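Notes to accompany the following structure.
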Amino acid sequence: MSLSSHSADQSPLSSLAAYGWDSLWAAEFAPFAERGLVPGRVLRVDRGQCDLITPEGVVRADTEYVVPRDPMKVICTGDWAAVDPDGGDPRYVQAYLPRRTAFVRSTSSKRSEGQILAANVDHAIIAVSLAAELDLGRVERFLALAWESGAQPLVVLTKADLVPDPVGLSYLVSDVETTAPGVQVLPVSALDGDGTEVLRAVVAGGTSVLLGQSGAGKSTLANALLGADVMDVQAVRDLDGKGRHTTTTRNLFVLPGGGVLIDTPGLRGVGLYDAEGGVEQVFAEITALAEGCRFHDCAHTVEPGCAVVAALADGTLHQRRLDSYRKLLRENQRLAARTDARLRDEMRQVWKQRGRMGREAMQMKRGRMS
Ligand code: GDP
Ligand code: ZN
């Protein structure tokens with residue numbers, strides 16, 4: 001008995017709904033359906049192949065047809081793809097549907113090409129441990145990454161049981177809330193279950209990823225959401241396209257309370273890449289203030305009529321926020337400059353100019369002093 005006939009009697013496409021398939025994906029997929037291709041969501045990718053969940057079950061397919069040299073166009077976990085129908089061996093992924101969102105990281109190499117980590121993520125859960133002192137700069141970094149991906153960030157303050165004082169906890173929450181305008185901040189304890197129901201409700205509506213430092217409690221959260229040990233879940237035996245049993249590691253899971261969780265080693269160590277848009281969103285209040293500056297290209301240092309400096313002076317903006325904003329912008333430009341030769345040249349010009357201005361300033365100073 002073939003797998004396709006096995007599942008054909010119970011509306012095959014609706015079986016994908018649990019994985020996030022909706023009418024918009026169906027509309028995007030229509031031209032591929034006309035070509036007789038099968039839709040599937042990528043559960044994991046390895047060298048040249050991937051596992052997809054399709055109406056036929058889990059199918060292993062070659063990605064060769066959609067892998068050009070551009071690393072951003074490489075298929076990744078969370079992609080919706082069009083796969084050859086049953087019969088061909090190997091089966092190929094013929095295309096993937098336009099991504100709604102995408103998580104990208106900078107490779108550690110000097111060449112610094114973006115590496116695509118996960119696609120079509122709706123919620124970026126940023127795990128921040130309350131066991132250590134809050135590092136707001138780090139929270140901002142993860143927020144920038146999340147906004148840049150297109151996903152909606154959510155900050156989960158983990159290990160809330162370690163802050164038994166409710167007043168102290170509310171201070172920590174509001175500190176993070178000020179740092180994260182437009183973002184829900186949720187204290188959670190996986191130990192006693194506090195906050196996990198709210199988290200479950202949020203992630204039920206779409207696809208989520210867990211971001212955060214090692215030790216922040218991501219695995220514990222994942223297990224709480226999955227209601228099972230991830231390792232056990234990963235060991236689930238799947239059927240490949242040819243009806244063989246294979247033990248595969250998945251990076252994408254359907255949650256028992258609804259929703260999908262993507263968890264990959266790559267996402268766990270994710271950094272900041274070309275996230276300027278994201279940075280602007282994290283520091284939305286600074287961007288808004290800057291619109292009130294007298295000069296369009298105000299650097300918010302010594303310019304007259306600077307709204308940012310005024311906000312620093314009257315205490316509505318904290319110096320830490322501004323420093324953090326500048327730091328992330330700089331870091332971001334450095335990364336971008338590695339890939340973009342044009343920007344690199346521009347920056348070289350700026351550095352040269354700065355050097356010249358610096359030298360002139362020094363000479364003026366010396367002149368004044370002598
Ligand atoms: P990951 O590296 O982000 O995946 O972090 P883990 O999930 O492995 O958690 C790191 C450590 O924090 C482990 O020792 C967990 O037992 C502990 N931990 C996680 N969640 C909680 C919690 O809600 N309360 C307490 N007290 N400890 C927790
Ligand atoms: Zn200004």
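In the structure tokens, chains take the letters A, B, ... in the order shown, each chain's residues start at 1, and ligands count up from 1 in the order shown.
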Legend entry - Test item: residues no farther than 9 Å from ligand 2, counting only C-alpha atoms and all ligand atoms, as an MDAnalysis selection string: chainID A and resid 289:310
Go ahead and write the residues just picked, N, CA and C atoms, as a tab-separated table (two decimals), in the first residue's frame.
chain	number	residue	atom	x	y	z
A	289	LEU	N	12.45	60.58	18.45
A	289	LEU	CA	13.06	61.82	18.96
A	289	LEU	C	13.88	62.50	17.86
A	290	ALA	N	14.64	61.69	17.12
A	290	ALA	CA	15.56	62.24	16.11
A	290	ALA	C	14.81	63.04	15.05
A	291	GLU	N	13.53	62.71	14.86
A	291	GLU	CA	12.74	63.46	13.88
A	291	GLU	C	12.54	64.90	14.33
A	292	GLY	N	12.70	65.13	15.63
A	292	GLY	CA	12.56	66.48	16.15
A	292	GLY	C	13.86	67.28	16.16
A	293	CYS	N	14.95	66.66	15.72
A	293	CYS	CA	16.23	67.37	15.69
A	293	CYS	C	16.22	68.43	14.58
A	294	ARG	N	16.94	69.52	14.82
A	294	ARG	CA	16.93	70.59	13.84
A	294	ARG	C	17.57	70.14	12.53
A	295	PHE	N	18.65	69.36	12.65
A	295	PHE	CA	19.35	68.93	11.45
A	295	PHE	C	18.97	67.49	11.09
A	296	HIS	N	18.74	67.31	9.81
A	296	HIS	CA	18.31	66.00	9.31
A	296	HIS	C	19.36	64.93	9.61
A	297	ASP	N	20.65	65.30	9.50
A	297	ASP	CA	21.71	64.32	9.70
A	297	ASP	C	22.37	64.49	11.07
A	298	CYS	N	21.55	64.90	12.04
A	298	CYS	CA	22.05	65.15	13.38
A	298	CYS	C	22.71	63.89	13.96
A	299	ALA	N	23.87	64.03	14.54
A	299	ALA	CA	24.56	62.89	15.15
A	299	ALA	C	24.28	62.84	16.65
A	300	HIS	N	23.42	63.74	17.13
A	300	HIS	CA	23.00	63.78	18.54
A	300	HIS	C	24.20	63.87	19.48
A	301	THR	N	25.12	64.74	19.15
A	301	THR	CA	26.26	64.93	20.06
A	301	THR	C	26.32	66.39	20.49
A	302	VAL	N	26.75	67.26	19.57
A	302	VAL	CA	26.92	68.67	19.95
A	302	VAL	C	26.07	69.61	19.10
A	303	GLU	N	25.20	69.03	18.24
A	303	GLU	CA	24.42	69.85	17.33
A	303	GLU	C	23.41	70.70	18.10
A	304	PRO	N	23.21	71.96	17.67
A	304	PRO	CA	22.16	72.77	18.30
A	304	PRO	C	20.78	72.22	17.89
A	305	GLY	N	19.83	72.35	18.79
A	305	GLY	CA	18.47	71.91	18.49
A	305	GLY	C	18.34	70.41	18.40
A	306	CYS	N	19.16	69.70	19.15
A	306	CYS	CA	19.09	68.23	19.11
A	306	CYS	C	18.07	67.73	20.13
A	307	ALA	N	17.04	67.06	19.63
A	307	ALA	CA	15.96	66.57	20.50
A	307	ALA	C	16.42	65.39	21.35
A	308	VAL	N	17.38	64.65	20.84
A	308	VAL	CA	17.87	63.47	21.57
A	308	VAL	C	18.66	63.92	22.79
A	309	VAL	N	19.56	64.90	22.58
A	309	VAL	CA	20.34	65.43	23.70
A	309	VAL	C	19.41	66.08	24.72
A	310	ALA	N	18.38	66.77	24.22
A	310	ALA	CA	17.41	67.39	25.12
A	310	ALA	C	16.71	66.34	25.98
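Secondary structure of stretch 113-233 of chain A, strand (DSSP E or B) only (DSSP, backbone atoms): Gly114, Gln115, Ile116, Leu117, Ala118, Ala119, His123, Ala124, Ile125, Ile126, Ala127, Val128, Ser129, Gln152, Pro153, Leu154, Val155, Val156, Leu157, Thr158, Gln184, Val185, Leu186, Pro187, Thr207, Ser208, Val209, Leu210 and Leu211 of chain A.
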Selection to disk with N, CA and C atoms, as a compact mmCIF listing (two decimals), in the first residue's frame:
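So the final result, stored in selection-v2.txt, reads:
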# COMPACT_ATOMS: atom_id res chain seq x y z
N GLY A 114 25.40 35.95 4.92
CA GLY A 114 24.30 35.59 5.81
C GLY A 114 24.00 34.12 5.66
N GLN A 115 23.56 33.54 6.75
CA GLN A 115 23.16 32.13 6.70
C GLN A 115 21.72 32.08 7.17
N ILE A 116 20.88 31.46 6.38
CA ILE A 116 19.47 31.43 6.74
C ILE A 116 19.23 30.30 7.73
N LEU A 117 18.56 30.64 8.84
CA LEU A 117 18.42 29.69 9.95
C LEU A 117 17.01 29.13 10.07
N ALA A 118 16.02 29.93 9.81
CA ALA A 118 14.64 29.48 9.94
C ALA A 118 13.74 30.41 9.16
N ALA A 119 12.70 29.86 8.56
CA ALA A 119 11.80 30.66 7.74
C ALA A 119 10.38 30.58 8.27
N HIS A 123 6.56 34.05 15.91
CA HIS A 123 6.91 34.54 17.25
C HIS A 123 8.36 34.21 17.57
N ALA A 124 9.10 35.22 17.97
CA ALA A 124 10.45 35.00 18.45
C ALA A 124 10.44 35.12 19.97
N ILE A 125 10.56 33.99 20.63
CA ILE A 125 10.55 33.99 22.09
C ILE A 125 11.98 34.19 22.57
N ILE A 126 12.22 35.32 23.20
CA ILE A 126 13.56 35.62 23.68
C ILE A 126 13.62 35.24 25.15
N ALA A 127 14.39 34.20 25.45
CA ALA A 127 14.50 33.72 26.83
C ALA A 127 15.61 34.49 27.54
N VAL A 128 15.23 35.10 28.66
CA VAL A 128 16.19 35.87 29.47
C VAL A 128 16.09 35.35 30.89
N SER A 129 17.21 34.89 31.41
CA SER A 129 17.21 34.27 32.74
C SER A 129 17.19 35.30 33.86
N GLN A 152 7.32 38.56 15.42
CA GLN A 152 6.96 39.39 16.57
C GLN A 152 7.73 38.88 17.79
N PRO A 153 8.55 39.73 18.40
CA PRO A 153 9.27 39.25 19.58
C PRO A 153 8.38 39.16 20.81
N LEU A 154 8.79 38.29 21.72
CA LEU A 154 8.15 38.14 23.02
C LEU A 154 9.29 37.83 23.98
N VAL A 155 9.41 38.61 25.05
CA VAL A 155 10.48 38.34 26.00
C VAL A 155 9.92 37.49 27.14
N VAL A 156 10.54 36.34 27.35
CA VAL A 156 10.16 35.49 28.47
C VAL A 156 11.26 35.56 29.51
N LEU A 157 10.90 36.05 30.69
CA LEU A 157 11.85 36.10 31.79
C LEU A 157 11.77 34.76 32.51
N THR A 158 12.77 33.94 32.31
CA THR A 158 12.73 32.57 32.81
C THR A 158 13.21 32.48 34.25
N GLN A 184 5.57 42.12 24.44
CA GLN A 184 5.06 41.53 25.67
C GLN A 184 6.22 40.94 26.47
N VAL A 185 6.21 41.20 27.77
CA VAL A 185 7.25 40.66 28.65
C VAL A 185 6.57 39.76 29.67
N LEU A 186 6.97 38.50 29.67
CA LEU A 186 6.25 37.50 30.44
C LEU A 186 7.19 36.73 31.37
N PRO A 187 7.01 36.90 32.70
CA PRO A 187 7.80 36.07 33.60
C PRO A 187 7.25 34.65 33.63
N THR A 207 4.07 29.90 14.22
CA THR A 207 5.35 29.21 14.38
C THR A 207 6.26 30.04 15.27
N SER A 208 6.92 29.39 16.23
CA SER A 208 7.77 30.09 17.18
C SER A 208 9.19 29.55 17.15
N VAL A 209 10.11 30.42 17.53
CA VAL A 209 11.48 29.98 17.79
C VAL A 209 11.88 30.49 19.17
N LEU A 210 12.88 29.83 19.75
CA LEU A 210 13.42 30.23 21.04
C LEU A 210 14.81 30.80 20.82
N LEU A 211 14.99 32.03 21.26
CA LEU A 211 16.31 32.65 21.18
C LEU A 211 16.80 32.89 22.60
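Take the candidates A:Asp22, A:Glu28, A:Asp122, A:Asp192 and check each one against ligand 1 using only C-alpha atoms and all ligand atoms; the shortest distance goes to A:Asp192.
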Inset, instruction - Could you tell me, as a ChimeraX atom specification, which residues of stretch 40-178 of chain A DSSP assigns to alpha helix (DSSP H) when given the backbone? - result: /A:136-149,166-178
Selection from above, C-alpha atoms, as a PDB file, in the first residue's frame, can you write it?
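Generated file (again11.pdb):
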ATOM      1  CA  LEU A 136      19.429  44.942  28.854  1.00  0.00           C
ATOM      2  CA  GLY A 137      21.958  45.400  26.057  1.00  0.00           C
ATOM      3  CA  ARG A 138      21.760  41.717  25.321  1.00  0.00           C
ATOM      4  CA  VAL A 139      17.966  41.834  25.353  1.00  0.00           C
ATOM      5  CA  GLU A 140      18.103  44.666  22.836  1.00  0.00           C
ATOM      6  CA  ARG A 141      20.421  42.679  20.623  1.00  0.00           C
ATOM      7  CA  PHE A 142      18.019  39.763  20.506  1.00  0.00           C
ATOM      8  CA  LEU A 143      15.112  42.123  19.944  1.00  0.00           C
ATOM      9  CA  ALA A 144      16.867  43.664  16.961  1.00  0.00           C
ATOM     10  CA  LEU A 145      17.418  40.247  15.507  1.00  0.00           C
ATOM     11  CA  ALA A 146      13.792  39.311  16.053  1.00  0.00           C
ATOM     12  CA  TRP A 147      12.369  42.494  14.520  1.00  0.00           C
ATOM     13  CA  GLU A 148      14.727  42.179  11.586  1.00  0.00           C
ATOM     14  CA  SER A 149      13.429  38.681  10.864  1.00  0.00           C
ATOM     15  CA  PRO A 166       6.620  39.980  43.636  1.00  0.00           C
ATOM     16  CA  VAL A 167       7.576  43.664  43.876  1.00  0.00           C
ATOM     17  CA  GLY A 168      11.130  42.901  42.818  1.00  0.00           C
ATOM     18  CA  LEU A 169       9.795  40.827  39.947  1.00  0.00           C
ATOM     19  CA  SER A 170       7.499  43.624  38.775  1.00  0.00           C
ATOM     20  CA  TYR A 171      10.483  46.011  38.725  1.00  0.00           C
ATOM     21  CA  LEU A 172      12.449  43.605  36.565  1.00  0.00           C
ATOM     22  CA  VAL A 173       9.480  43.201  34.219  1.00  0.00           C
ATOM     23  CA  SER A 174       9.014  46.940  33.837  1.00  0.00           C
ATOM     24  CA  ASP A 175      12.765  47.444  33.233  1.00  0.00           C
ATOM     25  CA  VAL A 176      12.556  45.066  30.309  1.00  0.00           C
ATOM     26  CA  GLU A 177       9.264  46.595  29.137  1.00  0.00           C
ATOM     27  CA  THR A 178      10.922  50.016  28.876  1.00  0.00           C
TER      28      THR A 178
END
Legend entry - Near-ligand residues for ligand 1, threshold 6 Å, only C-alpha atoms and all ligand atoms, as a ChimeraX atom specification: /A:158-159,161-162,189-191,214-220
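A straight line drawn from atom CA of A:Arg250 to atom CA of A:Asp79 is 13.7 Å long.
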Legend entry - Atom-to-atom span, atom CA of A:Leu16 and atom CA of A:Tyr92, Å: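 These two atoms are separated by 19.4 Å.
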